[in-house]
Amino acid sequence: MPHPDKYVVNLSESERERLKDISRNGKAPAKKILHARILLLADQTHQEGGWTDQRIGEAMGLHPYSVARIRKRFVTQGEAPALNRKVRTTPPVAPKVDGEVEAQLVAICCSTPPEGRARWTLNLLVDALKARSIVTEISRETVRQTLKKNELRPWKKQRYCIPEKDTARFVAQMEVVLDLYTAEHSPEEPLICMDEAAIELHKDVYPSQPMQPGSDAKEDYHYEREGVRALFMFFDPIRGWRRVSSREHRTRIDWAEEVKQLLDEDYPHARKVKLLCDNLNTHHIASLYEALDADEAHRLARRLELFYTPRNGSWLNVTEIELSVLQQQCLDRRIGDPITLEQALAAWQQQRNSQQAGVVWRFTTQDARIKLRRLYPNPAN
């Protein structure tokens, strides 16, 4: 490191004021602000200045040699060279990937990956460019930067649901559901939404370790699979009530028994229940006649009005929102047997019902005609 007295910084009052303005306004480049502060600390004419290169480097997080170079540049070349970046004197380096190579790289990345591989990786792309004699040498970093420039992410996949080809049928059923949400509902004719899900029961092979201060909870990755349970959820989004139960199967018989409980026990005084459900073959009045005698099935059917979400349109069922809450708050853990599952569901259900947690649905038919306009064969003006 140069001797501290070899290049002495002595700032005039005007130079100090300019450097203070640069270091305070926050509009200059970060490198320029840093150099201005270094020169202020190195100023020998000020009682708070005169710091050594070692001390300035420790304060600014720099190596003392870097501080010495800025000090030397100020003394030998002046204020502007000391504050600004060094002007490039050599010609810029030609880009490693020109337009033609970039276009071929993009085409390869968007093509089908090699057999036996799920997706393109940086190493695979490097090998492909070399194997096809597009380049003789290229680094993974260059390939990565090119992919980033073109917003290509072969490791990421977005999933979406494509509506059925008969879009007229889709939008017709969708508008029925949307109008149902905005219609008036009373205790005599409540709106109930229902949906089904499945959960695998997993039992720990080795006991898990609870969380402690400074240590996260731990569980062994080994587990025993204890079968699958079907979940039935009935949800009243206006009243903020839900009932969720688990069954061994999800057949017509199971659905009919759940509906019977809904009508006779959950809503015994309702004249008619408007039930919105998915388009499954079990969700039909015929299931009542298959599970119950004709008189009983007829009695229940007269109190039940079914509405269906369109195919590939289960997102229109608000029960999916509540099932997502159930998964996050209750089921996101290992549950090893049906009894424990039932107890957990009952506790979660009681807590949610006590809060009367409902859903406010804001997506209307008019919104659908704007945001989903492409699905309408003859959109409104």
# chains A, B, ... in the order shown; residues from 1 in each chain; ligands from 1
>>> residues_around(residues="A:Phe235", least_positions_apart="2", cutoff="9 Å", atoms="only C-alpha atoms", output="PDB file with N, CA and C atoms, in the first residue's frame")
ATOM      1  N   LEU A 191     -78.986 -21.560  -0.082  1.00  0.00           N
ATOM      2  CA  LEU A 191     -78.037 -21.996  -1.109  1.00  0.00           C
ATOM      3  C   LEU A 191     -76.921 -22.776  -0.424  1.00  0.00           C
ATOM      4  N   ILE A 192     -76.728 -24.009  -0.848  1.00  0.00           N
ATOM      5  CA  ILE A 192     -75.672 -24.862  -0.304  1.00  0.00           C
ATOM      6  C   ILE A 192     -74.771 -25.295  -1.458  1.00  0.00           C
ATOM      7  N   CYS A 193     -73.486 -25.148  -1.272  1.00  0.00           N
ATOM      8  CA  CYS A 193     -72.508 -25.610  -2.258  1.00  0.00           C
ATOM      9  C   CYS A 193     -71.807 -26.833  -1.682  1.00  0.00           C
ATOM     10  N   MET A 194     -71.589 -27.835  -2.510  1.00  0.00           N
ATOM     11  CA  MET A 194     -70.907 -29.040  -2.033  1.00  0.00           C
ATOM     12  C   MET A 194     -69.821 -29.456  -3.012  1.00  0.00           C
ATOM     13  N   ASP A 195     -68.812 -30.082  -2.452  1.00  0.00           N
ATOM     14  CA  ASP A 195     -67.707 -30.596  -3.257  1.00  0.00           C
ATOM     15  C   ASP A 195     -67.082 -31.767  -2.525  1.00  0.00           C
ATOM     16  N   MET A 233     -67.928 -32.113   1.619  1.00  0.00           N
ATOM     17  CA  MET A 233     -68.132 -30.831   2.300  1.00  0.00           C
ATOM     18  C   MET A 233     -69.379 -30.153   1.747  1.00  0.00           C
ATOM     19  N   PRO A 237     -72.316 -20.429   1.986  1.00  0.00           N
ATOM     20  CA  PRO A 237     -71.438 -19.244   1.974  1.00  0.00           C
ATOM     21  C   PRO A 237     -72.079 -18.009   2.580  1.00  0.00           C
ATOM     22  N   ILE A 238     -73.394 -17.954   2.637  1.00  0.00           N
ATOM     23  CA  ILE A 238     -74.070 -16.780   3.193  1.00  0.00           C
ATOM     24  C   ILE A 238     -74.156 -16.869   4.711  1.00  0.00           C
ATOM     25  N   ARG A 239     -74.541 -18.014   5.199  1.00  0.00           N
ATOM     26  CA  ARG A 239     -74.671 -18.215   6.647  1.00  0.00           C
ATOM     27  C   ARG A 239     -73.318 -18.423   7.315  1.00  0.00           C
ATOM     28  N   GLY A 240     -72.310 -18.844   6.553  1.00  0.00           N
ATOM     29  CA  GLY A 240     -71.008 -19.136   7.136  1.00  0.00           C
ATOM     30  C   GLY A 240     -70.988 -20.456   7.874  1.00  0.00           C
ATOM     31  N   TRP A 241     -71.723 -21.422   7.343  1.00  0.00           N
ATOM     32  CA  TRP A 241     -71.813 -22.745   7.963  1.00  0.00           C
ATOM     33  C   TRP A 241     -71.256 -23.789   7.016  1.00  0.00           C
ATOM     34  N   ARG A 242     -70.602 -24.783   7.552  1.00  0.00           N
ATOM     35  CA  ARG A 242     -70.127 -25.890   6.745  1.00  0.00           C
ATOM     36  C   ARG A 242     -70.172 -27.177   7.557  1.00  0.00           C
ATOM     37  N   ARG A 243     -70.305 -28.294   6.822  1.00  0.00           N
ATOM     38  CA  ARG A 243     -70.194 -29.623   7.427  1.00  0.00           C
ATOM     39  C   ARG A 243     -69.294 -30.452   6.536  1.00  0.00           C
ATOM     40  N   VAL A 244     -68.278 -31.053   7.136  1.00  0.00           N
ATOM     41  CA  VAL A 244     -67.354 -31.889   6.382  1.00  0.00           C
ATOM     42  C   VAL A 244     -67.259 -33.239   7.076  1.00  0.00           C
ATOM     43  N   VAL A 318     -67.724 -22.303  -4.868  1.00  0.00           N
ATOM     44  CA  VAL A 318     -67.004 -21.656  -3.763  1.00  0.00           C
ATOM     45  C   VAL A 318     -66.531 -22.670  -2.727  1.00  0.00           C
ATOM     46  N   THR A 319     -67.072 -23.885  -2.749  1.00  0.00           N
ATOM     47  CA  THR A 319     -66.620 -24.894  -1.790  1.00  0.00           C
ATOM     48  C   THR A 319     -65.157 -25.234  -2.009  1.00  0.00           C
ATOM     49  N   GLU A 322     -63.185 -23.208   0.330  1.00  0.00           N
ATOM     50  CA  GLU A 322     -63.228 -23.718   1.699  1.00  0.00           C
ATOM     51  C   GLU A 322     -62.413 -24.997   1.842  1.00  0.00           C
ATOM     52  N   GLY A 358     -67.661 -16.893   6.041  1.00  0.00           N
ATOM     53  CA  GLY A 358     -68.341 -17.066   4.767  1.00  0.00           C
ATOM     54  C   GLY A 358     -67.459 -16.652   3.605  1.00  0.00           C
TER      55      GLY A 358
END
>>> select_by_dssp(residues="stretch 98-172 of chain A", states="helix (DSSP H, G or I)", output="MDAnalysis selection string")
chainID A and resid 99:109 122:131 140:149 167:172
>>> write_last_selection(atoms="C-alpha atoms", output="short mmCIF file (atom, residue, chain, number, x, y, z; two decimals), in the first residue's frame")
data_model
loop_
_atom_site.label_atom_id
_atom_site.label_comp_id
_atom_site.auth_asym_id
_atom_site.auth_seq_id
_atom_site.Cartn_x
_atom_site.Cartn_y
_atom_site.Cartn_z
CA GLY A 99 -28.56 -13.11 -33.16
CA GLU A 100 -28.30 -16.33 -35.15
CA VAL A 101 -26.96 -18.39 -32.25
CA GLU A 102 -29.58 -16.89 -29.95
CA ALA A 103 -32.39 -17.79 -32.35
CA GLN A 104 -31.17 -21.38 -32.61
CA LEU A 105 -30.83 -21.65 -28.83
CA VAL A 106 -34.40 -20.41 -28.37
CA ALA A 107 -35.64 -22.91 -30.98
CA ILE A 108 -33.87 -25.79 -29.23
CA CYS A 109 -35.18 -24.78 -25.80
CA LEU A 122 -28.49 -25.80 -19.04
CA ASN A 123 -26.09 -28.71 -19.50
CA LEU A 124 -28.34 -30.32 -22.11
CA LEU A 125 -28.60 -27.05 -24.03
CA VAL A 126 -24.82 -26.58 -23.97
CA ASP A 127 -24.32 -30.12 -25.28
CA ALA A 128 -26.97 -29.63 -27.96
CA LEU A 129 -25.37 -26.42 -29.24
CA LYS A 130 -21.99 -28.13 -29.50
CA ALA A 131 -23.36 -31.35 -31.01
CA ARG A 140 -23.69 -22.55 -18.86
CA GLU A 141 -23.83 -18.94 -17.64
CA THR A 142 -24.05 -17.60 -21.18
CA VAL A 143 -26.90 -19.99 -21.92
CA ARG A 144 -28.63 -19.00 -18.67
CA GLN A 145 -28.40 -15.29 -19.47
CA THR A 146 -29.76 -15.88 -22.97
CA LEU A 147 -32.74 -17.81 -21.58
CA LYS A 148 -33.37 -15.06 -19.04
CA LYS A 149 -33.23 -12.43 -21.75
CA THR A 167 -68.28 -22.94 -25.36
CA ALA A 168 -71.94 -21.98 -25.69
CA ARG A 169 -72.86 -24.74 -23.25
CA PHE A 170 -70.02 -23.66 -20.92
CA VAL A 171 -71.03 -19.99 -20.74
CA ALA A 172 -74.72 -20.90 -20.40
#
>>> atom_distance(atom1="atom CA of A:Pro114", atom2="atom CA of A:Ile138")
19.6 Å
>>> atom_distance(atom1="atom CA of A:Ser111", atom2="atom CA of A:Glu151")
15.3 Å
>>> closest_atom_pairs(of="stretch 228-271 of chain A", to="stretch 294-301 of chain A", cutoff="12 Å", atoms="only C-alpha atoms", output="Markdown table")
| residue | atom | partner | partner_atom | distance |
| --- | --- | --- | --- | --- |
| A:Ile253 | CA | A:Ala297 | CA | 11.9 |
| A:Ala256 | CA | A:Ala297 | CA | 9.0 |
| A:Glu257 | CA | A:Ala297 | CA | 10.7 |
| A:Glu258 | CA | A:Leu300 | CA | 11.8 |
| A:Val259 | CA | A:Leu300 | CA | 8.6 |
| A:Lys260 | CA | A:Leu300 | CA | 7.1 |
| A:Gln261 | CA | A:Leu300 | CA | 10.4 |
| A:Leu262 | CA | A:Leu300 | CA | 10.2 |
| A:Leu263 | CA | A:Leu300 | CA | 7.3 |
| A:Asp264 | CA | A:Leu300 | CA | 8.6 |
| A:Tyr267 | CA | A:Leu300 | CA | 11.8 |
| A:Pro268 | CA | A:Leu300 | CA | 10.9 |
| A:Ala270 | CA | A:Leu300 | CA | 11.5 |
| A:Arg271 | CA | A:Leu300 | CA | 10.6 |
>>> select_by_dssp(residues="stretch 149-313 of chain A", states="strand (DSSP E or B)", output="PyMOL selection string")
chain A and resi 186+189+191-204+209+212+215+218+223-236+241-247+273-277+304-308
>>> write_last_selection(atoms="N, CA and C atoms", output="short mmCIF file (atom, residue, chain, number, x, y, z; two decimals), in the first residue's frame")
data_model
loop_
_atom_site.label_atom_id
_atom_site.label_comp_id
_atom_site.auth_asym_id
_atom_site.auth_seq_id
_atom_site.Cartn_x
_atom_site.Cartn_y
_atom_site.Cartn_z
N SER A 186 -83.08 -17.32 1.15
CA SER A 186 -83.70 -17.20 2.47
C SER A 186 -83.48 -18.48 3.25
N GLU A 189 -85.22 -21.30 1.67
CA GLU A 189 -84.62 -21.81 0.44
C GLU A 189 -83.14 -21.43 0.42
N LEU A 191 -78.99 -21.56 -0.08
CA LEU A 191 -78.04 -22.00 -1.11
C LEU A 191 -76.92 -22.78 -0.42
N ILE A 192 -76.73 -24.01 -0.85
CA ILE A 192 -75.67 -24.86 -0.30
C ILE A 192 -74.77 -25.30 -1.46
N CYS A 193 -73.49 -25.15 -1.27
CA CYS A 193 -72.51 -25.61 -2.26
C CYS A 193 -71.81 -26.83 -1.68
N MET A 194 -71.59 -27.83 -2.51
CA MET A 194 -70.91 -29.04 -2.03
C MET A 194 -69.82 -29.46 -3.01
N ASP A 195 -68.81 -30.08 -2.45
CA ASP A 195 -67.71 -30.60 -3.26
C ASP A 195 -67.08 -31.77 -2.52
N GLU A 196 -66.32 -32.54 -3.25
CA GLU A 196 -65.66 -33.72 -2.69
C GLU A 196 -64.16 -33.62 -2.88
N ALA A 197 -63.44 -34.32 -2.03
CA ALA A 197 -61.99 -34.39 -2.13
C ALA A 197 -61.55 -35.74 -1.56
N ALA A 198 -60.29 -36.03 -1.71
CA ALA A 198 -59.73 -37.28 -1.18
C ALA A 198 -58.46 -36.97 -0.40
N ILE A 199 -58.22 -37.75 0.64
CA ILE A 199 -57.02 -37.57 1.45
C ILE A 199 -56.41 -38.93 1.73
N GLU A 200 -55.09 -39.02 1.55
CA GLU A 200 -54.37 -40.24 1.90
C GLU A 200 -53.98 -40.19 3.37
N LEU A 201 -54.19 -41.30 4.06
CA LEU A 201 -53.80 -41.40 5.46
C LEU A 201 -52.38 -41.91 5.54
N HIS A 202 -51.52 -41.17 6.21
CA HIS A 202 -50.12 -41.53 6.37
C HIS A 202 -49.79 -41.62 7.86
N LYS A 203 -49.19 -42.72 8.26
CA LYS A 203 -48.80 -42.93 9.66
C LYS A 203 -47.29 -42.91 9.76
N ASP A 204 -46.77 -42.25 10.79
CA ASP A 204 -45.33 -42.20 11.00
C ASP A 204 -44.79 -43.58 11.34
N GLN A 209 -40.29 -35.35 15.98
CA GLN A 209 -39.72 -34.54 17.06
C GLN A 209 -40.35 -33.15 17.02
N GLN A 212 -38.53 -26.94 18.93
CA GLN A 212 -37.96 -26.38 20.14
C GLN A 212 -37.24 -25.09 19.78
N SER A 215 -34.59 -24.97 17.01
CA SER A 215 -34.64 -26.24 16.28
C SER A 215 -36.03 -26.43 15.68
N LYS A 218 -39.16 -31.96 13.31
CA LYS A 218 -38.54 -32.94 12.42
C LYS A 218 -39.44 -34.17 12.34
N TYR A 223 -42.98 -43.37 5.98
CA TYR A 223 -44.34 -43.40 6.52
C TYR A 223 -45.05 -44.64 5.97
N GLU A 224 -46.14 -44.97 6.62
CA GLU A 224 -46.97 -46.09 6.18
C GLU A 224 -48.28 -45.54 5.64
N ARG A 225 -48.68 -46.04 4.48
CA ARG A 225 -49.92 -45.59 3.85
C ARG A 225 -51.08 -46.40 4.43
N GLU A 226 -52.06 -45.69 4.97
CA GLU A 226 -53.17 -46.33 5.65
C GLU A 226 -54.49 -46.19 4.88
N GLY A 227 -54.40 -46.07 3.57
CA GLY A 227 -55.61 -45.99 2.76
C GLY A 227 -56.00 -44.57 2.40
N VAL A 228 -57.14 -44.44 1.74
CA VAL A 228 -57.65 -43.16 1.26
C VAL A 228 -59.06 -42.96 1.80
N ARG A 229 -59.37 -41.75 2.22
CA ARG A 229 -60.71 -41.40 2.69
C ARG A 229 -61.29 -40.33 1.77
N ALA A 230 -62.57 -40.44 1.52
CA ALA A 230 -63.30 -39.46 0.71
C ALA A 230 -63.91 -38.41 1.63
N LEU A 231 -63.71 -37.15 1.28
CA LEU A 231 -64.24 -36.03 2.05
C LEU A 231 -65.44 -35.43 1.32
N PHE A 232 -66.52 -35.21 2.07
CA PHE A 232 -67.71 -34.53 1.55
C PHE A 232 -67.87 -33.23 2.34
N MET A 233 -67.93 -32.11 1.62
CA MET A 233 -68.13 -30.83 2.30
C MET A 233 -69.38 -30.15 1.75
N PHE A 234 -70.26 -29.72 2.66
CA PHE A 234 -71.43 -28.92 2.34
C PHE A 234 -71.21 -27.55 2.98
N PHE A 235 -71.36 -26.50 2.17
CA PHE A 235 -70.95 -25.17 2.60
C PHE A 235 -72.05 -24.17 2.26
N ASP A 236 -72.48 -23.42 3.29
CA ASP A 236 -73.43 -22.33 3.12
C ASP A 236 -72.64 -21.01 3.15
N TRP A 241 -71.72 -21.42 7.34
CA TRP A 241 -71.81 -22.74 7.96
C TRP A 241 -71.26 -23.79 7.02
N ARG A 242 -70.60 -24.78 7.55
CA ARG A 242 -70.13 -25.89 6.74
C ARG A 242 -70.17 -27.18 7.56
N ARG A 243 -70.30 -28.29 6.82
CA ARG A 243 -70.19 -29.62 7.43
C ARG A 243 -69.29 -30.45 6.54
N VAL A 244 -68.28 -31.05 7.14
CA VAL A 244 -67.35 -31.89 6.38
C VAL A 244 -67.26 -33.24 7.08
N SER A 245 -67.34 -34.29 6.29
CA SER A 245 -67.28 -35.65 6.83
C SER A 245 -66.42 -36.50 5.92
N SER A 246 -65.95 -37.62 6.45
CA SER A 246 -65.12 -38.53 5.67
C SER A 246 -65.83 -39.88 5.57
N ARG A 247 -65.65 -40.50 4.42
CA ARG A 247 -66.23 -41.82 4.18
C ARG A 247 -65.19 -42.69 3.50
N VAL A 273 -83.89 -26.82 -0.74
CA VAL A 273 -82.46 -26.53 -0.67
C VAL A 273 -81.90 -26.46 -2.08
N LYS A 274 -81.26 -25.34 -2.41
CA LYS A 274 -80.60 -25.18 -3.71
C LYS A 274 -79.17 -25.70 -3.57
N LEU A 275 -78.88 -26.81 -4.18
CA LEU A 275 -77.59 -27.48 -4.01
C LEU A 275 -76.77 -27.33 -5.28
N LEU A 276 -75.62 -26.66 -5.15
CA LEU A 276 -74.69 -26.50 -6.28
C LEU A 276 -73.57 -27.51 -6.12
N CYS A 277 -73.32 -28.28 -7.15
CA CYS A 277 -72.28 -29.30 -7.09
C CYS A 277 -71.63 -29.47 -8.46
N LEU A 304 -85.25 -30.78 -3.02
CA LEU A 304 -83.89 -30.57 -3.51
C LEU A 304 -83.94 -30.02 -4.93
N GLU A 305 -83.21 -28.92 -5.17
CA GLU A 305 -83.05 -28.35 -6.50
C GLU A 305 -81.56 -28.31 -6.82
N LEU A 306 -81.16 -29.05 -7.83
CA LEU A 306 -79.75 -29.21 -8.15
C LEU A 306 -79.31 -28.20 -9.20
N PHE A 307 -78.11 -27.65 -9.00
CA PHE A 307 -77.43 -26.80 -9.97
C PHE A 307 -76.03 -27.38 -10.18
N TYR A 308 -75.53 -27.25 -11.41
CA TYR A 308 -74.24 -27.86 -11.72
C TYR A 308 -73.28 -26.82 -12.29
#
>>> closest_residue(among="A:Arg373, A:Asp53, A:Ala82, A:Thr76", to="A:Leu19", atoms="only C-alpha atoms")
A:Ala82
>>> atom_distance(atom1="atom CA of A:Val67", atom2="atom CA of A:Thr52")
9.1 Å
>>> closest_residue(among="A:Glu137, A:Asp278, A:Glu219, A:Asp98", to="A:Val177", atoms="only C-alpha atoms")
A:Asp278
>>> residues_around(residues="A:Arg37", least_positions_apart="4", cutoff="7 Å", atoms="only C-alpha atoms", output="list in words")
Ser23, Ile33 and Leu41 of chain A
>>> write_last_selection(atoms="N, CA and C atoms", output="PDB file, in the first residue's frame")
ATOM      1  N   SER A  23     -22.714  13.345  -1.906  1.00  0.00           N
ATOM      2  CA  SER A  23     -22.901  12.255  -0.950  1.00  0.00           C
ATOM      3  C   SER A  23     -24.258  12.297  -0.258  1.00  0.00           C
ATOM      4  N   ILE A  33     -21.088   8.320  -5.261  1.00  0.00           N
ATOM      5  CA  ILE A  33     -21.331   8.709  -3.868  1.00  0.00           C
ATOM      6  C   ILE A  33     -20.271   8.103  -2.956  1.00  0.00           C
ATOM      7  N   LEU A  41     -13.415  11.818   3.841  1.00  0.00           N
ATOM      8  CA  LEU A  41     -12.741  11.245   5.005  1.00  0.00           C
ATOM      9  C   LEU A  41     -11.229  11.369   4.899  1.00  0.00           C
TER      10      LEU A  41
END
